[in-house]
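Peer 1: Got a structure for you, questions after.
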Amino acid sequence: MDSSATMRKIRPILFLLTLCLGSCQYFSQVPNEDELLKKELKSINWSQVDELPTFSNCDSAVDKTQKKQCFFDYLTQLIQQKLSVDTLSVLYPQLDTINVKVTISPDATMVFEPQITDTLSYNTTKIDSILKARLIDFPTVHPAIKRGIPVKTQFVLPVILNITAKK
């Protein structure tokens with residue numbers, strides 16, 4: 001074999017070796033872990049959940065909008081039923097709607113708080129104690145999900161009191 005034939009065989013090998021060695025600098029630059037975490041945290045929309053809380057009877061709903069509507073309708077109906085036979089309408093006949101702040105924890109517990117702006121006309125402590133006494137024994141709620149993890153959610157529901165008087 002002559003030297004030119006040998007060089008023709010060695011040139012592609014040298015070229016590939018040079019290319020590999022030159023490209024190693026791109027593989028050695030591993031992104032900083034903190035930078036990756038910050039970038040990922042910025043990309044997450046913290047004001048929305050992937051799945052809203054739900055009750056088992058809403059599982060038949062097809063899409064996210066139907067499940068949301070089913071959940072809020074069912075929860076409002078349950079709260080209205082539990083408060084309809086109560087003293088709220090007797091104590092405060094002028095109070096026809098009450099805003100209730102609902103908190104659903106990751107462990108599926110629910111907490112209800114009245115949201116009353118006119119604290120001079122209404123005894124908020126008494127209303128709160130009535131809510132706590134009446135709003136118990138709910139069906140199992142499945143908490144909201146964010147990235148596969150149950151999370152706490154809060155929202156305010158307007159609840160109509162004295163439904164029978166309205167009809």
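Identifiers in this document derive from the order of the structure tokens: chains are assigned A, B, ..., residues are numbered from 1 separately in each chain, and ligands are numbered from 1 in order of occurrence.
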Contacts of A:Cys70 at 9 Å or less, counting only C-alpha atoms, minus same-chain residues fewer than 5 places along, as a PyMOL selection string?
Peer 2: chain A and resi 54-55+57-58+61+65+75
Peer 1: Keeping only N, CA and C atoms, take the residues you just selected and write them out as a compact mmCIF listing (two decimals), in the first residue's frame.
Peer 2:
```txt
# COMPACT_ATOMS: atom_id res chain seq x y z
N THR A 54 -63.96 17.35 42.49
CA THR A 54 -65.16 16.72 41.94
C THR A 54 -65.78 15.75 42.94
N PHE A 55 -67.04 15.47 42.71
CA PHE A 55 -67.74 14.43 43.46
C PHE A 55 -67.87 13.22 42.55
N ASN A 57 -70.42 11.51 41.73
CA ASN A 57 -71.57 11.55 40.82
C ASN A 57 -71.33 12.43 39.59
N CYS A 58 -70.22 13.18 39.55
CA CYS A 58 -69.89 14.00 38.38
C CYS A 58 -68.92 13.29 37.45
N ALA A 61 -69.63 13.14 33.62
CA ALA A 61 -69.47 14.32 32.76
C ALA A 61 -68.29 14.10 31.82
N THR A 65 -65.50 21.38 31.37
CA THR A 65 -66.56 22.37 31.63
C THR A 65 -67.77 21.72 32.26
N LEU A 75 -72.64 20.92 44.69
CA LEU A 75 -72.22 21.47 45.97
C LEU A 75 -73.19 22.55 46.45
```
Peer 1: Please identify which residues in stretch 49-141 of chain A DSSP calls alpha helix (DSSP H) from the backbone, and express them as a compact mmCIF listing (two decimals) with C-alpha atoms, in the first residue's frame.
Peer 2:
```txt
# COMPACT_ATOMS: atom_id res chain seq x y z
CA LYS A 64 -63.80 19.75 31.97
CA THR A 65 -66.56 22.37 31.63
CA GLN A 66 -69.33 19.86 32.33
CA LYS A 67 -67.44 18.45 35.33
CA LYS A 68 -66.95 21.96 36.72
CA GLN A 69 -70.63 22.81 36.27
CA CYS A 70 -71.71 19.50 37.81
CA PHE A 71 -69.44 20.03 40.81
CA PHE A 72 -70.59 23.58 41.55
CA ASP A 73 -74.28 22.78 40.96
CA TYR A 74 -74.15 19.71 43.19
CA LEU A 75 -72.22 21.47 45.97
CA THR A 76 -74.55 24.49 45.91
CA GLN A 77 -77.59 22.20 46.01
CA LEU A 78 -76.19 20.27 49.00
CA ILE A 79 -75.41 23.47 50.92
CA GLN A 80 -78.86 24.91 50.17
CA GLN A 81 -80.55 21.69 51.35
CA LYS A 82 -78.58 21.64 54.58
CA LEU A 83 -79.29 25.32 55.30
CA SER A 84 -82.92 25.35 54.16
CA LEU A 88 -80.73 31.44 59.34
CA SER A 89 -83.92 32.36 57.52
CA VAL A 90 -85.71 32.83 60.85
CA LEU A 91 -82.94 34.87 62.49
CA THR A 124 -71.11 36.68 61.84
CA THR A 125 -70.06 34.49 64.75
CA LYS A 126 -73.56 33.05 65.02
CA ILE A 127 -73.85 32.54 61.26
CA ASP A 128 -70.43 30.86 61.23
CA SER A 129 -71.46 28.49 64.04
CA ILE A 130 -74.69 27.62 62.19
CA LEU A 131 -72.70 26.87 59.02
CA LYS A 132 -70.26 24.68 60.92
CA ALA A 133 -73.09 22.78 62.60
CA ARG A 134 -75.09 22.25 59.42
```
Peer 1: Which is closer to A:Leu135 than all the others in A:Ser43, A:Thr117, A:Thr109, A:Gln94, using only C-alpha atoms?
Peer 2: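 Nearest to A:Leu135: A:Thr109.
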Peer 1: Select from stretch 48-135 of chain A every residue with an atom at most 6 Å from any atom of stretch 147-161 of chain A, then for each give the shortest pair of atoms and their distance in Å to one decimal, using only C-alpha atoms, rows by chain and rising number, as JSON lines.
Peer 2:
```
{"residue": "A:Asp96", "atom": "CA", "partner": "A:Leu161", "partner_atom": "CA", "distance": 5.1}
{"residue": "A:Thr97", "atom": "CA", "partner": "A:Ile160", "partner_atom": "CA", "distance": 4.3}
{"residue": "A:Ile98", "atom": "CA", "partner": "A:Val159", "partner_atom": "CA", "distance": 5.3}
{"residue": "A:Asn99", "atom": "CA", "partner": "A:Pro158", "partner_atom": "CA", "distance": 4.3}
{"residue": "A:Val100", "atom": "CA", "partner": "A:Leu157", "partner_atom": "CA", "distance": 5.2}
{"residue": "A:Lys101", "atom": "CA", "partner": "A:Val156", "partner_atom": "CA", "distance": 4.2}
{"residue": "A:Val102", "atom": "CA", "partner": "A:Phe155", "partner_atom": "CA", "distance": 5.5}
{"residue": "A:Thr103", "atom": "CA", "partner": "A:Gln154", "partner_atom": "CA", "distance": 4.4}
{"residue": "A:Ile104", "atom": "CA", "partner": "A:Thr153", "partner_atom": "CA", "distance": 5.3}
{"residue": "A:Ser105", "atom": "CA", "partner": "A:Lys152", "partner_atom": "CA", "distance": 4.4}
{"residue": "A:Pro106", "atom": "CA", "partner": "A:Val151", "partner_atom": "CA", "distance": 4.7}
```
Peer 1: Output the selection as a JSON list (two decimals), in the first residue's frame - C-alpha atoms for each residue.
Peer 2:
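part_32.json was written with the following content:
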```
[["chain", "number", "residue", "atom", "x", "y", "z"],
["A", 96, "ASP", "CA", -81.72, 35.85, 51.06],
["A", 97, "THR", "CA", -78.25, 34.95, 49.76],
["A", 98, "ILE", "CA", -75.05, 34.24, 51.59],
["A", 99, "ASN", "CA", -71.60, 33.93, 50.07],
["A", 100, "VAL", "CA", -69.79, 30.91, 51.42],
["A", 101, "LYS", "CA", -66.04, 30.53, 51.03],
["A", 102, "VAL", "CA", -65.30, 26.86, 50.43],
["A", 103, "THR", "CA", -61.83, 25.45, 51.03],
["A", 104, "ILE", "CA", -61.03, 21.94, 49.87],
["A", 105, "SER", "CA", -57.76, 20.61, 51.26],
["A", 106, "PRO", "CA", -55.51, 18.05, 49.57]]
```
